[in-house]
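Peer 1: First the structure, then my questions, so here it is.
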Amino acid sequence: MSEPSDSTDAARASHQDNLGIPTGLRPVIVGEALIDSFPDGRNIVGGAPLNVAWNLRGFGRDPVFVSKIGNDDRGELIFDKLKQWGMNTDGVVRSDDRETGIVKVTLTNGTPDYDLVYPVAYDFIDAPSDMAVRPPDPCLLYLGTLAWRRPESMDILRSWVQSNGTYRFIDINMRPPWVRDDVVDCIARDATFFKLNDEELSSMTGQAIAPESPEFHQQVSEAVARLRDRWNCRTFFVTCGPHGAFAVSPDSRVFVPAPKLAKMVDTVGAGDAFAAATIDGLLSGQSMDACLNQAIQFAARICQNAGATSTDEDLYRLERYRS
């Protein structure tokens, strides 16, 4: 395999051929809605898909968010927050017999660890055919891994991929012990976009990835090539924490270094912020280097915010993150 170029000029020239999707697609975000319970007593609406949908709404988009919550206090909190933020809640189903998801978050030097309750309402998300309102077709379908941890959910997951997965953005969330190979294979195979971090990339391929190494970029390219051979995904987005992020397509590679932070509060939701800003860039028809820069700048700003999302509308003015 020939080594792709990091040239942003090459990325601009090739992004329409390799990365282009129809602009203006409506994002359909399917997955968990839960409450993040922090050590200081804060209870924050969360879940990676909910965070992505929330951020997209902050950017002025109108995502369809599909999940299931309980008819309990936590579910009421989630539902009220979504409505207050102006989000479409037609795809959020209330369950009488399942409690709303909750995760206990602990922070070590700003880095989160998650203790997830199972089973909860989001483990019983409906198939597209069972929804009161049909998702738009075509759409950009966003899927993560956590909501499909119940083995009986596999048929539902397959129906989402088959019915709405023409353009698919996959966000791998490695939350042991809740990651299953059959789930990853189902959502990843032939996906349009695949997002993961450098640790997940290394774990999934056995390829050592050392950001301080002179071979760092080559290591990422080799690992991505292994996943492309496995699943035939078109474009990979690889986040590398404080070192930056990559977008790797079959014949181009874009790298954007991470900005220096004046302060760090926590990294909760940073990956979700990156995914949402990337999706916005893709649906706006941005060049890949512009899309990647917007995403990493917004993710860095979220790291200076307590928690994964905000109601500060100024935070979502994307022009401040473009260069």
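Going through the structure tokens in order, the chains are called A, B, and so on, while each chain numbers its residues from 1 and the ligands are numbered from 1 in the order shown.
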Tell me, which residues of segment 48-291 of chain A carry DSSP helix (DSSP H, G or I), written as a ChimeraX atom specification?

Peer 2: /A:48-58,73-84,121-124,128-130,146-148,151-164,181-188,198-205,216-231,241-243,270-283,288-291

Peer 1: Taking the DSSP secondary structure from the backbone, can you list the residues of segment 97-323 of chain A that are strand (DSSP E or B), as a PyMOL selection string?

Peer 2: chain A and resi 101-108+111-116+140-143+167-171+193-197+235-239+245-249+252-256

Peer 1: For each of A:Val120, A:Ile156, A:Ile44, A:Val238, take the minimum atom-to-atom distance to Lys104 of chain A, counting only C-alpha atoms, then give the residue where this is smallest.

Peer 2: A:Ile44

Peer 1: Compile the contact shell of Glu319 of chain A as JSON, numbers by chain: residues with an atom at most 12 Å away, counting only C-alpha atoms, same-chain residues fewer than 4 positions apart removed.

Peer 2: {"A": [59, 277, 281, 290, 291, 293, 294, 295, 297, 298, 314, 315, 323]}

Peer 1: Please dump the current selection as an mmCIF file, in the first residue's frame; keep all heavy atoms.

Peer 2:
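Written file, again.cif:
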```
data_model
loop_
_atom_site.group_PDB
_atom_site.id
_atom_site.type_symbol
_atom_site.label_atom_id
_atom_site.label_comp_id
_atom_site.auth_asym_id
_atom_site.auth_seq_id
_atom_site.Cartn_x
_atom_site.Cartn_y
_atom_site.Cartn_z
ATOM 1 N N PHE A 59 -25.812 23.277 16.882
ATOM 2 C CA PHE A 59 -25.267 23.839 15.649
ATOM 3 C C PHE A 59 -26.357 24.332 14.708
ATOM 4 O O PHE A 59 -26.059 24.844 13.628
ATOM 5 C CB PHE A 59 -24.435 22.787 14.908
ATOM 6 C CG PHE A 59 -23.249 22.264 15.668
ATOM 7 C CD1 PHE A 59 -22.796 20.965 15.454
ATOM 8 C CD2 PHE A 59 -22.584 23.044 16.598
ATOM 9 C CE1 PHE A 59 -21.698 20.469 16.140
ATOM 10 C CE2 PHE A 59 -21.496 22.558 17.303
ATOM 11 C CZ PHE A 59 -21.047 21.270 17.073
ATOM 12 N N ALA A 277 -19.360 17.666 15.480
ATOM 13 C CA ALA A 277 -18.797 18.713 14.633
ATOM 14 C C ALA A 277 -18.315 18.146 13.300
ATOM 15 O O ALA A 277 -18.379 18.822 12.269
ATOM 16 C CB ALA A 277 -17.656 19.423 15.359
ATOM 17 N N GLY A 281 -19.737 19.202 9.602
ATOM 18 C CA GLY A 281 -18.858 19.559 8.501
ATOM 19 C C GLY A 281 -19.129 18.736 7.256
ATOM 20 O O GLY A 281 -19.141 19.264 6.132
ATOM 21 N N ALA A 290 -10.859 21.278 6.696
ATOM 22 C CA ALA A 290 -11.715 22.226 7.413
ATOM 23 C C ALA A 290 -12.640 21.502 8.377
ATOM 24 O O ALA A 290 -12.859 21.939 9.510
ATOM 25 C CB ALA A 290 -12.524 23.063 6.421
ATOM 26 N N CYS A 291 -13.191 20.389 7.928
ATOM 27 C CA CYS A 291 -14.085 19.582 8.760
ATOM 28 C C CYS A 291 -13.343 19.084 9.997
ATOM 29 O O CYS A 291 -13.851 19.171 11.124
ATOM 30 C CB CYS A 291 -14.599 18.415 7.927
ATOM 31 S SG CYS A 291 -15.722 17.299 8.770
ATOM 32 N N ASN A 293 -10.562 20.270 11.348
ATOM 33 C CA ASN A 293 -10.163 21.374 12.215
ATOM 34 C C ASN A 293 -11.345 21.848 13.062
ATOM 35 O O ASN A 293 -11.202 22.085 14.269
ATOM 36 C CB ASN A 293 -9.616 22.530 11.385
ATOM 37 C CG ASN A 293 -9.050 23.640 12.251
ATOM 38 O OD1 ASN A 293 -7.987 23.501 12.858
ATOM 39 N ND2 ASN A 293 -9.750 24.760 12.320
ATOM 40 N N GLN A 294 -12.516 21.983 12.444
ATOM 41 C CA GLN A 294 -13.710 22.376 13.197
ATOM 42 C C GLN A 294 -13.989 21.394 14.322
ATOM 43 O O GLN A 294 -14.302 21.783 15.459
ATOM 44 C CB GLN A 294 -14.902 22.433 12.241
ATOM 45 C CG GLN A 294 -16.251 22.607 12.920
ATOM 46 C CD GLN A 294 -17.378 22.734 11.929
ATOM 47 O OE1 GLN A 294 -17.518 23.758 11.278
ATOM 48 N NE2 GLN A 294 -18.212 21.696 11.788
ATOM 49 N N ALA A 295 -13.870 20.105 14.021
ATOM 50 C CA ALA A 295 -14.182 19.072 15.000
ATOM 51 C C ALA A 295 -13.226 19.095 16.179
ATOM 52 O O ALA A 295 -13.639 19.003 17.339
ATOM 53 C CB ALA A 295 -14.164 17.700 14.331
ATOM 54 N N GLN A 297 -11.305 21.552 17.210
ATOM 55 C CA GLN A 297 -11.414 22.797 17.968
ATOM 56 C C GLN A 297 -12.635 22.772 18.889
ATOM 57 O O GLN A 297 -12.567 23.192 20.050
ATOM 58 C CB GLN A 297 -11.500 23.992 17.005
ATOM 59 C CG GLN A 297 -10.255 24.255 16.192
ATOM 60 C CD GLN A 297 -9.132 24.869 17.007
ATOM 61 O OE1 GLN A 297 -9.348 25.426 18.080
ATOM 62 N NE2 GLN A 297 -7.913 24.771 16.496
ATOM 63 N N PHE A 298 -13.754 22.252 18.383
ATOM 64 C CA PHE A 298 -14.949 22.176 19.218
ATOM 65 C C PHE A 298 -14.764 21.174 20.354
ATOM 66 O O PHE A 298 -15.172 21.434 21.495
ATOM 67 C CB PHE A 298 -16.169 21.807 18.367
ATOM 68 C CG PHE A 298 -17.443 21.714 19.162
ATOM 69 C CD1 PHE A 298 -17.994 22.841 19.750
ATOM 70 C CD2 PHE A 298 -18.083 20.498 19.331
ATOM 71 C CE1 PHE A 298 -19.169 22.753 20.504
ATOM 72 C CE2 PHE A 298 -19.253 20.400 20.074
ATOM 73 C CZ PHE A 298 -19.799 21.526 20.662
ATOM 74 N N ASP A 314 -23.746 30.339 22.711
ATOM 75 C CA ASP A 314 -22.522 30.905 22.138
ATOM 76 C C ASP A 314 -21.466 29.831 21.909
ATOM 77 O O ASP A 314 -20.641 29.941 20.998
ATOM 78 C CB ASP A 314 -21.979 31.995 23.066
ATOM 79 C CG ASP A 314 -20.881 32.812 22.406
ATOM 80 O OD1 ASP A 314 -21.110 33.339 21.306
ATOM 81 O OD2 ASP A 314 -19.775 32.907 22.986
ATOM 82 N N LEU A 315 -21.496 28.780 22.750
ATOM 83 C CA LEU A 315 -20.540 27.678 22.600
ATOM 84 C C LEU A 315 -20.693 26.990 21.250
ATOM 85 O O LEU A 315 -19.734 26.428 20.719
ATOM 86 C CB LEU A 315 -20.770 26.658 23.725
ATOM 87 C CG LEU A 315 -19.838 25.451 23.800
ATOM 88 C CD1 LEU A 315 -18.455 25.879 24.279
ATOM 89 C CD2 LEU A 315 -20.397 24.391 24.738
ATOM 90 N N SER A 323 -10.936 27.853 10.702
ATOM 91 C CA SER A 323 -9.772 28.667 10.374
ATOM 92 C C SER A 323 -9.538 28.678 8.879
ATOM 93 O O SER A 323 -10.135 27.910 8.142
ATOM 94 C CB SER A 323 -8.525 28.113 11.078
ATOM 95 O OG SER A 323 -8.263 26.789 10.683
#
```
